[in-house]
Structures are given as structure tokens and as C-alpha cells.
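> Enclosed is the structure file entry_31.tsv (TSV, C-alpha atoms and all ligand atoms).
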chain	number	residue	atom	x	y	z
A	1	MET	CA	69.16	100.85	109.32
A	2	LYS	CA	66.10	102.25	107.51
A	3	PRO	CA	66.95	103.29	103.90
A	4	ASN	CA	66.72	107.04	103.31
A	5	ARG	CA	64.67	107.65	100.16
A	6	TRP	CA	66.66	110.81	99.39
A	7	ASP	CA	70.00	109.02	99.61
A	8	ASP	CA	70.23	108.03	95.96
A	9	TYR	CA	73.09	107.59	93.50
A	10	TYR	CA	73.60	111.35	93.01
A	11	ALA	CA	73.52	112.12	96.75
A	12	ARG	CA	76.15	109.45	97.45
A	13	ARG	CA	78.28	110.58	94.52
A	14	ALA	CA	78.08	114.21	95.71
A	15	ARG	CA	79.37	113.19	99.13
A	16	GLU	CA	82.20	111.18	97.63
A	17	GLU	CA	83.19	114.00	95.30
A	18	LYS	CA	82.86	116.60	98.09
A	19	TRP	CA	80.08	118.66	96.51
A	20	LEU	CA	77.75	120.43	98.92
A	21	ALA	CA	74.57	119.04	97.27
A	22	ARG	CA	73.47	116.51	94.67
A	23	SER	CA	71.94	119.32	92.60
A	24	VAL	CA	75.44	120.06	91.31
A	25	TYR	CA	74.96	117.28	88.75
A	26	LYS	CA	71.98	119.09	87.23
A	27	LEU	CA	74.07	122.22	86.73
A	28	GLN	CA	77.01	120.19	85.43
A	29	GLU	CA	74.86	118.46	82.80
A	30	ILE	CA	73.24	121.73	81.73
A	31	ASP	CA	76.61	123.49	81.61
A	32	ARG	CA	78.14	120.74	79.48
A	33	LYS	CA	75.20	120.75	77.08
A	34	PHE	CA	74.60	124.51	76.78
A	35	LYS	CA	78.10	125.93	77.50
A	36	LEU	CA	76.65	128.12	80.21
A	37	ILE	CA	79.68	129.04	82.33
A	38	HIS	CA	83.02	130.23	80.95
A	39	ARG	CA	86.38	130.97	82.50
A	40	GLY	CA	86.52	134.50	83.97
A	41	ASP	CA	82.71	134.83	84.19
A	42	ARG	CA	80.94	136.75	86.91
A	43	ILE	CA	77.95	134.76	88.18
A	44	LEU	CA	74.90	135.60	90.25
A	45	ASP	CA	73.54	132.45	91.96
A	46	LEU	CA	70.01	132.96	93.31
A	47	GLY	CA	68.94	130.40	95.93
A	48	CYS	CA	72.54	129.34	96.47
A	49	TYR	CA	72.25	127.39	99.78
A	50	PRO	CA	73.84	124.94	100.61
A	51	GLY	CA	76.25	126.02	97.89
A	52	SER	CA	76.96	123.31	95.30
A	53	TRP	CA	76.13	125.50	92.30
A	54	SER	CA	78.34	128.30	93.62
A	55	GLN	CA	81.06	125.73	94.34
A	56	TYR	CA	80.80	124.42	90.77
A	57	GLY	CA	80.68	127.98	89.37
A	58	LEU	CA	83.82	129.00	91.28
A	59	LYS	CA	85.67	126.01	89.88
A	60	LYS	CA	84.59	126.82	86.32
A	61	VAL	CA	85.24	130.59	86.37
A	62	GLY	CA	88.72	130.26	87.90
A	63	PRO	CA	90.64	132.93	89.82
A	64	LYS	CA	89.64	135.80	87.52
A	65	GLY	CA	85.90	135.14	87.85
A	66	GLU	CA	83.56	135.61	90.79
A	67	VAL	CA	80.32	134.28	92.21
A	68	VAL	CA	77.77	136.21	94.23
A	69	GLY	CA	75.26	133.94	95.97
A	70	ILE	CA	71.94	135.01	97.47
A	71	ASP	CA	69.70	133.01	99.79
A	72	THR	CA	67.72	133.36	102.99
A	73	HIS	CA	70.06	130.70	104.48
A	74	ALA	CA	73.80	131.24	104.76
A	75	PRO	CA	75.91	128.52	103.05
A	76	GLN	CA	78.20	128.08	106.05
A	77	ARG	CA	80.25	125.30	104.47
A	78	LEU	CA	81.25	127.44	101.51
A	79	SER	CA	83.95	130.02	101.83
A	80	ALA	CA	86.31	130.70	98.98
A	81	PRO	CA	88.12	133.62	97.41
A	82	GLY	CA	85.88	134.95	94.66
A	83	PHE	CA	82.68	134.12	96.55
A	84	ARG	CA	80.43	136.69	98.17
A	85	PHE	CA	77.22	135.82	99.98
A	86	ILE	CA	74.29	138.19	100.43
A	87	GLN	CA	71.61	137.02	102.85
A	88	ALA	CA	68.26	138.18	101.51
A	89	ASP	CA	64.79	137.17	100.44
A	90	VAL	CA	64.76	137.60	96.67
A	91	LEU	CA	61.04	138.42	96.73
A	92	THR	CA	61.73	141.62	98.67
A	93	LEU	CA	65.31	142.30	97.61
A	94	ASP	CA	65.82	145.71	96.02
A	95	VAL	CA	67.36	144.86	92.64
A	96	THR	CA	68.44	148.47	92.11
A	97	TRP	CA	70.40	148.31	95.38
A	98	LEU	CA	71.93	145.01	94.21
A	99	SER	CA	72.99	146.57	90.90
A	100	GLU	CA	74.87	149.24	92.88
A	101	GLU	CA	76.55	146.58	95.05
A	102	ILE	CA	77.74	144.20	92.33
A	103	SER	CA	78.94	144.57	88.74
A	104	LEU	CA	77.10	143.29	85.67
A	105	ARG	CA	77.01	139.49	85.35
A	106	HIS	CA	77.82	137.11	82.50
A	107	VAL	CA	75.49	134.50	83.99
A	108	VAL	CA	72.45	134.57	86.28
A	109	LEU	CA	71.51	131.21	87.81
A	110	SER	CA	68.34	130.52	89.75
A	111	ASP	CA	67.72	127.24	91.54
A	112	LEU	CA	65.19	129.02	93.78
A	113	ALA	CA	62.50	126.70	95.05
A	114	PRO	CA	59.60	127.49	97.38
A	115	PRO	CA	58.84	125.23	100.34
A	116	THR	CA	56.32	122.82	98.77
A	117	THR	CA	52.84	122.43	100.22
A	118	GLY	CA	51.68	119.48	98.10
A	119	ILE	CA	48.96	121.70	96.63
A	120	ARG	CA	50.03	121.63	93.01
A	121	ALA	CA	48.57	124.96	91.84
A	122	ARG	CA	50.00	126.82	94.86
A	123	ASP	CA	53.46	125.28	94.46
A	124	GLU	CA	53.51	126.08	90.74
A	125	SER	CA	52.51	129.69	91.23
A	126	ARG	CA	55.10	130.23	94.02
A	127	SER	CA	57.79	128.67	91.87
A	128	LEU	CA	56.80	130.90	88.96
A	129	ALA	CA	56.88	133.99	91.20
A	130	LEU	CA	60.49	133.10	92.09
A	131	GLY	CA	61.29	132.51	88.40
A	132	ARG	CA	59.87	135.92	87.49
A	133	ARG	CA	61.93	137.52	90.25
A	134	ALA	CA	65.03	135.82	88.84
A	135	MET	CA	64.11	137.20	85.42
A	136	GLU	CA	63.82	140.72	86.87
A	137	ALA	CA	67.24	140.38	88.45
A	138	ALA	CA	68.65	139.11	85.14
A	139	ARG	CA	67.10	142.03	83.25
A	140	THR	CA	68.93	144.50	85.51
A	141	LEU	CA	72.16	142.63	86.10
A	142	LEU	CA	73.04	140.71	82.95
A	143	ARG	CA	75.56	141.98	80.44
A	144	PRO	CA	74.45	142.05	76.80
A	145	LYS	CA	74.53	138.47	75.37
A	146	GLY	CA	74.51	137.11	78.96
A	147	ARG	CA	73.19	133.65	79.90
A	148	PHE	CA	70.37	132.64	82.25
A	149	LEU	CA	69.34	129.41	83.96
A	150	CYS	CA	66.14	129.17	85.93
A	151	LYS	CA	64.32	126.35	87.68
A	152	VAL	CA	60.52	126.35	87.61
A	153	PHE	CA	57.82	123.79	88.31
A	154	GLU	CA	55.90	122.59	85.28
A	155	GLY	CA	52.37	123.95	85.04
A	156	GLU	CA	49.97	125.64	82.73
A	157	ASP	CA	51.62	129.08	83.06
A	158	LEU	CA	55.06	127.79	82.11
A	159	VAL	CA	54.56	128.45	78.39
A	160	CYS	CA	53.62	132.03	79.25
A	161	PHE	CA	56.84	132.45	81.23
A	162	GLU	CA	58.87	131.00	78.36
A	163	GLN	CA	57.27	133.51	76.02
A	164	GLU	CA	58.17	136.37	78.38
A	165	LEU	CA	61.76	135.13	78.45
A	166	SER	CA	61.81	134.87	74.64
A	167	THR	CA	61.39	138.63	74.44
A	168	GLU	CA	64.61	139.08	76.46
A	169	PHE	CA	66.79	136.27	75.10
A	170	ARG	CA	67.70	135.15	71.58
A	171	ASN	CA	67.22	131.52	72.59
A	172	ILE	CA	65.21	129.75	75.31
A	173	LYS	CA	65.38	125.98	75.83
A	174	ARG	CA	63.50	123.79	78.30
A	175	PHE	CA	65.57	120.98	79.83
A	176	ARG	CA	65.16	118.27	82.47
A	177	PRO	CA	68.52	116.98	83.74
A	178	LYS	CA	69.05	113.29	84.54
A	179	ALA	CA	69.65	114.03	88.24
A	180	THR	CA	66.12	115.43	88.61
A	181	ARG	CA	64.14	113.15	90.91
A	182	LYS	CA	61.52	111.06	89.07
A	183	ASN	CA	58.55	112.51	90.97
A	184	SER	CA	59.72	116.12	90.69
A	185	ARG	CA	57.84	118.61	88.51
A	186	GLU	CA	60.86	120.86	88.09
A	187	VAL	CA	62.31	121.84	84.72
A	188	TYR	CA	65.09	124.24	83.83
A	189	LEU	CA	64.87	127.07	81.33
A	190	VAL	CA	68.14	128.01	79.69
A	191	GLY	CA	68.42	131.43	78.06
A	192	SER	CA	71.26	132.68	75.90
A	193	GLY	CA	71.88	135.90	74.03
A	194	PHE	CA	70.36	138.36	76.49
A	195	GLY	CA	69.17	141.49	74.69
A	196	VAL	CA	69.87	140.01	71.24
A	197	GLN	CA	66.86	139.98	68.93
A	198	PRO	CA	66.17	136.58	67.30
A	201	LIG	C1	67.09	123.71	95.74
A	201	LIG	S1	67.80	124.83	96.88
A	201	LIG	C2	69.20	125.41	95.99
A	201	LIG	C3	70.35	124.43	95.94
A	201	LIG	C4	71.62	125.05	95.41
A	201	LIG	N1	71.47	125.34	93.98
A	201	LIG	C5	72.80	124.13	95.57
A	201	LIG	O1	73.18	123.51	94.59
A	201	LIG	O2	73.36	124.06	96.66
A	201	LIG	C6	66.69	126.19	96.77
A	201	LIG	C7	67.08	127.36	97.63
A	201	LIG	O3	66.20	128.45	97.33
A	201	LIG	C8	66.15	129.25	98.51
A	201	LIG	N2	65.01	130.16	98.45
A	201	LIG	C9	63.70	129.85	98.28
A	201	LIG	N3	62.95	130.97	98.30
A	201	LIG	C10	63.81	132.00	98.49
A	201	LIG	C11	63.64	133.40	98.59
A	201	LIG	N4	62.42	133.98	98.52
A	201	LIG	N5	64.73	134.19	98.75
A	201	LIG	C12	65.97	133.63	98.83
A	201	LIG	N6	66.18	132.30	98.74
A	201	LIG	C13	65.13	131.50	98.59
A	201	LIG	C14	66.03	128.23	99.62
A	201	LIG	O4	66.44	128.78	100.86
A	201	LIG	C15	66.95	127.12	99.12
A	201	LIG	O5	68.20	127.20	99.74
As C-alpha cells - that is how I would like this structure written.

Amino acid sequence: MKPNRWDDYYARRAREEKWLARSVYKLQEIDRKFKLIHRGDRILDLGCYPGSWSQYGLKKVGPKGEVVGIDTHAPQRLSAPGFRFIQADVLTLDVTWLSEEISLRHVVLSDLAPPTTGIRARDESRSLALGRRAMEAARTLLRPKGRFLCKVFEGEDLVCFEQELSTEFRNIKRFRPKATRKNSREVYLVGSGFGVQP
């Protein structure tokens, strides 16, 4: 049988451990390092399909917490008490409507990724547009001192985006988890202390 180049250590481990995607190990590493998700938290998970981050979040927040996931694709293999899915395109989603639908969040996660074209500048700018959209959602939906995690592709405008986030969060860190594929240009920005001046 021809080897599948995507079937690596993390993909196999995810299957064995019954996670819906290998990307769970990125969130797990970030969570362990930055203490992102706490028991009882309410999470917004942007770009939640196929559902491993929401699955991980539900486990961490426990029965008193909740996760709302948003994606254009429905995560059909994830159904759990405490999970609500909203099918929407975040680029056109009305954040004011969303703020009337769901309560303020302790954590906003964004693993949003555009379909890649291979044209570096185009992929970077689409990824950044999704990151900015996640930031807008966080601005409306995060509780004071809330936490934020956002994937973006590395590029020349990344520093600019980090500076924008620094005006909203006490602390912004850039991090590349071990499970990130070697040839990927993605990095994660971790924000803490929403609305707290440095
Ligand atoms: C890398 S996957 C997320 C994986 C997920 N964190 C997990 O662990 O299962 C990125 C997701 O972003 C979603 N996405 C990309 N652009 C979007 C948009 N404009 N609106 C909503 N979802 C979008 C894709 O449909 C895809 O499911």
C-alpha cells in the first residue's frame, strides 16, 4: 500500500486516542504551556470542523462549561452535552447577532485556515483576514481578562497583527507547537488578559 504522507505520528496517535483530528495535540501543548482553558470556561471555537479542539475543550471545561463551535462544515462526529454548533462563514457572520445568541466567553479559539492556493502572498493575506475576523469576534465576545488563541500563516504583516492584538491583550506570545507539520507556515498567537493594560 502506498504510504500516505499525512498519516504521521500525530495522525495515528489521534486515531488511537479517539480524537477527531491530529490538530488536538497543538491545542493540548499550547494549553499545557499557557494555561489557556480552565474548568467551567465558556469557549468559542472558530473553524471547529472536524471537532478535535471542541472535543478537547469540552473535556477540559467539564459539565459546568460549554463550547460553541462555528464552521462552514458541520462536525457530524461530534455531539455532546455542552456543545453547540453554528454553521456560518465567519467572514460574513454578524458578530452582533452572535453576541445576542451566546453569552460572553472566557476563551476564544481560532484554528481558521483558508483553502491554500500555493501562492504565498495570497495564502498569507487570507489567513490574516481570518485572524482579524477572530480578533473582532474576541473583542465583542470575550469577558474582561479573557484568553485568545489564533492561528495565522507567517508573513510580513504578522508583526502588524501582533501589534494590533497587543492593544487588546496584556500579553501576546507567538508559538509553534511540535505537532505543526515541518513545511507549514502556521504559527499560533496566544493572548491573555483581554482588556487589561500592560
Ligand atoms: C484546520 S481546520 C480546523 C481543525 C479543528 N481545530 C479541529 O481540531 O478539528 C480549519 C477550519 O477552518 C474552517 N474555515 C475556513 N474558513 C472559514 C470561514 N470563512 N468560515 C468558517 N469556517 C472556516 C474550515 O472549514 C476548516 O474546518
> List all protein, DNA and RNA residues that have any atom at most 10 Å from ligand LIG 201 (chain A), counting only C-alpha atoms and all ligand atoms, and write the list as a ChimeraX atom specification.
/A:19-27,45-56,69-75,78,86-93,109-115,126-127,129-130,133,151
> What is the distance between CA of Val159 (chain A) and CA of Ile43 (chain A), in Å to one decimal?
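Computing the Euclidean distance for CA of Val159 (chain A) and CA of Ile43 (chain A) yields 26.1 Å.
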> Give me, as number ranges by chain, all polymer residues having an atom no more than 10 Å from Gly65 (chain A), counting all atoms listed in the file and skipping those fewer than 2 positions away in the same chain.
A: 38-43, 57-63, 67, 81-83, 106
> Could you check which of A:Arg181, A:Arg32, A:Arg15, A:Arg84 is closest to Ile102 (chain A), using all atoms listed in the file?
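Of the candidates, the smallest distance to Ile102 (chain A) is held by A:Arg84.
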> For each of A:Val190, A:Val196, A:Leu141, A:Cys150, take the minimum atom-to-atom distance to Glu168 (chain A), counting all atoms listed in the file, then give the residue where this is smallest.
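Selected residue with least distance to Glu168 (chain A): A:Val196.
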> Quick one: pull the distance between CA of Gln28 (chain A) and CA of Phe161 (chain A), Å, one decimal.
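Value for the CA of Gln28 (chain A)-CA of Phe161 (chain A) distance: 24.0 Å.
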> Quick one, how far is CA of Val108 (chain A) from CA of Val68 (chain A)?
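Computing the Euclidean distance for CA of Val108 (chain A) and CA of Val68 (chain A) yields 9.7 Å.
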> Which is closest to Phe34 (chain A) among A:Tyr9, A:Phe175, A:Phe194, A:Phe85, if we use only C-alpha atoms?
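Nearest to Phe34 (chain A): A:Phe175.
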> Find the residue from A:Tyr10, A:Phe153, A:Trp97, A:Phe169 that sits nearest to Ser184 (chain A); use all atoms listed in the file when measuring.
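The answer is A:Phe153, which sits nearest to Ser184 (chain A).
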> Nearest to Met135 (chain A) among A:Leu158, A:Leu149, A:Ile172, A:Val187, with distances taken over all atoms listed in the file: which residue is it?
A:Leu149
> At a cut-off of 10 Å, using only C-alpha atoms, what residues contact Thr140 (chain A)? Leave out same-chain residues fewer than 6 positions from it and give the result as a list in words.
Val95, Thr96, Leu98, Ser99, Leu104 and Arg105 of chain A
> Restricting the calculation to all atoms listed in the file: of A:Glu66, A:Glu17, A:Asn171, A:Thr116, which residue gets closest to Ala80 (chain A)?
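Distance minimum relative to Ala80 (chain A) lands on A:Glu66.
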